[in-house]
Protein chains: 2
Amino acid sequence: MRKVDVFTHIFPQRYVERMNQLVPGLKDAGKRVRGVPMLTDLDIRFRVMDLYDEYEQILSIATPPIEAYASPADAVDLAKRANDGMAELVRRYPERFPSFLAALPMNAPDEAVREIHRAIKDLGACGIQIFSNVAGKPLVLPEFLPIFEAMVGHDLPIFIHPYRDASMADYPTENRSQYEIWWTFGWPYDTSVAMARIVFEGLFDRWPSLKIVTHHMGALAPYFEGRLGPGWDQLGARTSDEDLTVVLKRLKKRPIDYFRMFYADTALFGAYDATVCGLKFFGVGHTLFASDAPFDPEKGPMYIRETIKIIDQLPITVEERARIYSGNAVQLLKLSR
Amino acid sequence: MRKVDVFTHIFPQRYVERMNQLVPGLKDAGKRVRGVPMLTDLDIRFRVMDLYDEYEQILSIATPPIEAYASPADAVDLAKRANDGMAELVRRYPERFPSFLAALPMNAPDEAVREIHRAIKDLGACGIQIFSNVAGKPLVLPEFLPIFEAMVGHDLPIFIHPYRDASMADYPTENRSQYEIWWTFGWPYDTSVAMARIVFEGLFDRWPSLKIVTHHMGALAPYFEGRLGPGWDQLGARTSDEDLTVVLKRLKKRPIDYFRMFYADTALFGAYDATVCGLKFFGVGHTLFASDAPFDPEKGPMYIRETIKIIDQLPITVEERARIYSGNAVQLLKLSR
């Protein structure tokens with residue numbers, strides 16, 4: 001059965017060269033490049049990919065987001081390098097890489113919109129990757145809305161990848177960045193915050209065809225379905241200084257119904273029961289196979305292998321499995337085959 | 001089948017009177033008292049409780065935590081009022097309220113330890129309720145460790161309730177407190193952060209018999225099992241400026257194994273699939289029935305009813321169901337019947 005892994009990361013050569021020049025703002029990325037060879041080494045990537053039958057990858061760059069370390073001018077250049085590099089890989093290895101998600105210079109929003117058009121029309125990108133915040137700013141600020149609008153115009157999806165680095169305040173405490181809590185819990189939390197803002201700012205009412213894929217199976221939404229449902233139906237009950245019930249009146253649906261409009265990927269690193277929970281929340285039609293390779297303890301194969309094992313065991317029909325593995329991706333990303 | 005709801009909230013009369021005097025630091029609590037009559041009105045509470053067969057409640061006070069609004073001196077008085085009030089209800093209505101969780105003045109840690117001994121020995125408390133942070137401070141600071149130690153001495157559980165109010169920075173953005181995101185996602189996030197600190201500070205190695213019940217089915221742990229497991233096995237891979245691998249070497253087990261040492265309650269507000277996911281993570285022996293009544297849209301009955309409906313549908317044996325409903329509680333809280 002064909003498997004299109006929609007969220008796997010890579011550093012194209014011409015991108016990583018420039019990225020490394022911008023050190024020391026990039027210590028962590030530098031460490032990742034050194035520690036995870038599959039990010040830059042195609043031979044290693046191909047050997048890993050060959051372990052799995054009919055396995056293909058949609059490419060996207062790895063964290064950190066460009067805007068987290070580059071000036072707007074550098075960011076524009078870096079995004080072009082990333083996208084030109086990924087487009088070249090797709091051209092050279094179409095059987096392995098059906099397409100890629102464009103990287104954007106989000107700290108230069110006008111240029112980001114231009115890069116969306118170039119990446120999709122000239123380079124064949126099938127979507128974009130943005131992050132759960134733009135160097136700390138919420139995605140729903142007016143300056144970023146043209147990016148959503150452009151993707152609605154192309155009818156192609158926005159992939160939201162979490163990002164929150166150790167230096168961002170995740171809690172007003174003495175030891176807030178300890179133990180990589182900012183990664184383990186902070187990343188899904190931040191994805192969830194981004195989703196909530198998109199919902200409550202009414203972006204799905206404004207653009208009902210907006211398509212957003214949330215990494216790691218919808219972050220907190222499925223497990224906290226009860227908080228999204230009856231919990232958020234009481235929006236305003238916990239707030240005294242302003243009347244938040246007007247927010248609910250402004251929306252056309254219950255908050256939880258908007259959360260089900262997101263798409264989710266299966267990148268849960270081998271968690272079977274959570275995958276079942278997420279699938280029940282989003283449904284087969286909104287669930288896409290992804291592994292988040294190569295960021296596993298084996299630096300490549302493990303999360304692909306474990307995620308395939310889980311999808312193969314899900315209590316669904318063959319047709320449903322085929323949709324999760326590739327059918328939804330072909331449709332959503334408008335892949336040519 | 002007997003059902004002991006281990007996490008339900010109340011404001012005893014002598015507590016709420018003093019709490020209300022400390023307004024305006026307490027706007028939200030004031031609103032809750034007005035908006036959720038079951039918090040203070042026993043007749044309403046009994047009518048709701050009578051809707052369910054063999055249904056009993058372990059009492060604990062509702063948020064905000066005492067230390068979030070009271071000076072240390074006031075907090076000591078407030079905790080005594082809360083505990084005396086709950087103890088009196090347990091004495092008067094033993095069939096309805098088998099016991100209570102003591103409230104503590106966490107901003108006066110020495111007094112908190114004294115109050116633990118008084119509440120357990122003199123008043124019959126079966127555990128304590130603390131919050132996921134102490135007015136913003138992590139629970140694992142040295143000043144709070146005697147509280148853990150005292151509970152290990154009594155061999156009774158610590159219940160961790162989330163708390164994070166709208167004024168706490170949850171993200172460095174312009175509209176960080178919007179839409180009660182601080183409640184929906186912030187509370188489980190904060191519980192998870194507290195759990196992580198307890199794990200990585202080695203509290204379970206220091207006190208293997210330490211018993212901690214985490215509200216809302218273990219917060220993010222079960223759904224993000226993959227991040228706790230293979231994700232945190234790579235602790236240090238994402239950090240350049242210090243060597244976090246020493247943290248793993250200091251611990252006796254894998255991080256995820258400690259997370260399974262926590263207990264969890266079923267207060268997921270009607271989310272069946274999440275309950276299954278959480279139960280698989282913690283196991284029947286570490287899962288306790290709780291509804292979080294009365295904070296539902298019906299102001300009392302809904303979360304009790306929906307949680308019972310879920311537990312009745314779980315694919316487990318009658319014996320396992322009985323453990324979740326009351327057996328685990330009787331054992332863990334050392335209830336006299």
# chains A, B, ... in the order shown; residues from 1 in each chain; ligands from 1
$ residues_around --residues "Tyr303 (chain A)" --least-positions-apart "2" --cutoff "10 Å" --atoms "only C-alpha atoms" --output "number ranges by chain"
A: 267-270, 290-301, 305-309; B: 226, 230
$ residues_around --residues "Thr191 (chain A)" --least-positions-apart "5" --cutoff "10 Å" --atoms "only C-alpha atoms" --output "PDB file with N, CA, C and O atoms, in the first residue's frame"
ATOM      1  N   PHE A 131       4.816  28.013  11.511  1.00  0.00           N
ATOM      2  CA  PHE A 131       5.018  27.546  12.876  1.00  0.00           C
ATOM      3  C   PHE A 131       3.920  28.121  13.778  1.00  0.00           C
ATOM      4  O   PHE A 131       3.171  28.997  13.367  1.00  0.00           O
ATOM      5  N   SER A 132       3.841  27.590  14.984  1.00  0.00           N
ATOM      6  CA  SER A 132       2.700  27.920  15.840  1.00  0.00           C
ATOM      7  C   SER A 132       2.722  29.360  16.337  1.00  0.00           C
ATOM      8  O   SER A 132       1.734  29.827  16.920  1.00  0.00           O
ATOM      9  N   ASN A 133       3.809  30.047  16.106  1.00  0.00           N
ATOM     10  CA  ASN A 133       3.862  31.484  16.377  1.00  0.00           C
ATOM     11  C   ASN A 133       4.963  32.039  15.479  1.00  0.00           C
ATOM     12  O   ASN A 133       5.778  31.285  14.939  1.00  0.00           O
ATOM     13  N   ILE A 160       0.859  23.422  10.201  1.00  0.00           N
ATOM     14  CA  ILE A 160       1.365  24.146  11.376  1.00  0.00           C
ATOM     15  C   ILE A 160       2.270  23.218  12.178  1.00  0.00           C
ATOM     16  O   ILE A 160       1.834  22.193  12.694  1.00  0.00           O
ATOM     17  N   HIS A 161       3.527  23.614  12.257  1.00  0.00           N
ATOM     18  CA  HIS A 161       4.518  22.883  13.046  1.00  0.00           C
ATOM     19  C   HIS A 161       4.706  23.646  14.350  1.00  0.00           C
ATOM     20  O   HIS A 161       4.763  24.864  14.347  1.00  0.00           O
ATOM     21  N   PRO A 162       4.815  22.940  15.473  1.00  0.00           N
ATOM     22  CA  PRO A 162       5.034  23.675  16.725  1.00  0.00           C
ATOM     23  C   PRO A 162       6.432  24.279  16.780  1.00  0.00           C
ATOM     24  O   PRO A 162       7.365  23.772  16.168  1.00  0.00           O
ATOM     25  N   TYR A 163       6.537  25.358  17.515  1.00  0.00           N
ATOM     26  CA  TYR A 163       7.851  25.892  17.838  1.00  0.00           C
ATOM     27  C   TYR A 163       7.758  26.769  19.072  1.00  0.00           C
ATOM     28  O   TYR A 163       6.857  27.597  19.210  1.00  0.00           O
ATOM     29  N   ARG A 164       8.708  26.577  19.928  1.00  0.00           N
ATOM     30  CA  ARG A 164       8.773  27.326  21.170  1.00  0.00           C
ATOM     31  C   ARG A 164      10.146  26.990  21.701  1.00  0.00           C
ATOM     32  O   ARG A 164      10.433  25.839  21.991  1.00  0.00           O
ATOM     33  N   GLY A 186       5.573  21.939  25.826  1.00  0.00           N
ATOM     34  CA  GLY A 186       5.412  23.293  25.292  1.00  0.00           C
ATOM     35  C   GLY A 186       5.019  23.302  23.820  1.00  0.00           C
ATOM     36  O   GLY A 186       4.180  24.107  23.409  1.00  0.00           O
ATOM     37  N   ALA A 196      -6.562  27.511  18.763  1.00  0.00           N
ATOM     38  CA  ALA A 196      -7.639  28.236  19.441  1.00  0.00           C
ATOM     39  C   ALA A 196      -7.793  29.644  18.877  1.00  0.00           C
ATOM     40  O   ALA A 196      -8.910  30.135  18.660  1.00  0.00           O
ATOM     41  N   THR A 214      -2.495  20.065  11.436  1.00  0.00           N
ATOM     42  CA  THR A 214      -1.801  20.286  12.708  1.00  0.00           C
ATOM     43  C   THR A 214      -0.930  19.075  13.031  1.00  0.00           C
ATOM     44  O   THR A 214      -1.380  17.935  12.999  1.00  0.00           O
ATOM     45  N   HIS A 215       0.315  19.357  13.331  1.00  0.00           N
ATOM     46  CA  HIS A 215       1.300  18.313  13.608  1.00  0.00           C
ATOM     47  C   HIS A 215       0.939  17.609  14.919  1.00  0.00           C
ATOM     48  O   HIS A 215       0.273  18.174  15.773  1.00  0.00           O
ATOM     49  N   HIS A 216       1.413  16.349  15.014  1.00  0.00           N
ATOM     50  CA  HIS A 216       1.255  15.579  16.247  1.00  0.00           C
ATOM     51  C   HIS A 216      -0.213  15.392  16.625  1.00  0.00           C
ATOM     52  O   HIS A 216      -0.636  15.641  17.737  1.00  0.00           O
ATOM     53  N   GLY A 218      -3.134  16.822  16.105  1.00  0.00           N
ATOM     54  CA  GLY A 218      -4.040  17.829  16.648  1.00  0.00           C
ATOM     55  C   GLY A 218      -3.681  18.340  18.019  1.00  0.00           C
ATOM     56  O   GLY A 218      -4.502  18.991  18.674  1.00  0.00           O
ATOM     57  N   ALA A 219      -2.451  18.050  18.470  1.00  0.00           N
ATOM     58  CA  ALA A 219      -1.969  18.543  19.772  1.00  0.00           C
ATOM     59  C   ALA A 219      -2.948  18.177  20.890  1.00  0.00           C
ATOM     60  O   ALA A 219      -3.363  17.028  20.985  1.00  0.00           O
ATOM     61  N   LEU A 220      -3.364  19.130  21.717  1.00  0.00           N
ATOM     62  CA  LEU A 220      -4.176  18.787  22.879  1.00  0.00           C
ATOM     63  C   LEU A 220      -5.655  18.553  22.565  1.00  0.00           C
ATOM     64  O   LEU A 220      -6.412  18.098  23.427  1.00  0.00           O
ATOM     65  N   ALA A 221      -6.083  18.890  21.347  1.00  0.00           N
ATOM     66  CA  ALA A 221      -7.519  18.894  21.062  1.00  0.00           C
ATOM     67  C   ALA A 221      -8.208  17.552  21.340  1.00  0.00           C
ATOM     68  O   ALA A 221      -9.204  17.521  22.082  1.00  0.00           O
TER      69      ALA A 221
END
$ residues_around --residues "Arg47 (chain B)" --least-positions-apart "4" --cutoff "10 Å" --atoms "only C-alpha atoms" --output "ChimeraX atom specification"
/B:38,42-43,51-52,300-301
$ select_by_dssp --residues "region 41-207 of chain B" --states "strand (DSSP E)" --output "PyMOL selection string"
chain B and resi 55-61+99-102+127-131+158-161
$ atom_distance --atom1 "CA of Leu244 (chain A)" --atom2 "CA of Leu228 (chain A)"
15.2 Å
$ residues_around --residues "region 71-77 of chain A" --least-positions-apart "4" --cutoff "9 Å" --atoms "only C-alpha atoms" --output "count of residues only"
12
$ closest_residue --among "B:Ala329, B:Arg337, B:Thr287, B:Tyr189" --to "chain A" --atoms "only C-alpha atoms"
B:Tyr189
$ interface_residues --of "chain B" --to "chain A" --cutoff "6 Å" --atoms "only C-alpha atoms" --output "PyMOL selection string"
chain B and resi 28+137+173+184+223+225-227+240+268-271+273-274+277
$ atom_distance --atom1 "CA of Ile256 (chain A)" --atom2 "CA of Val199 (chain A)"
9.0 Å
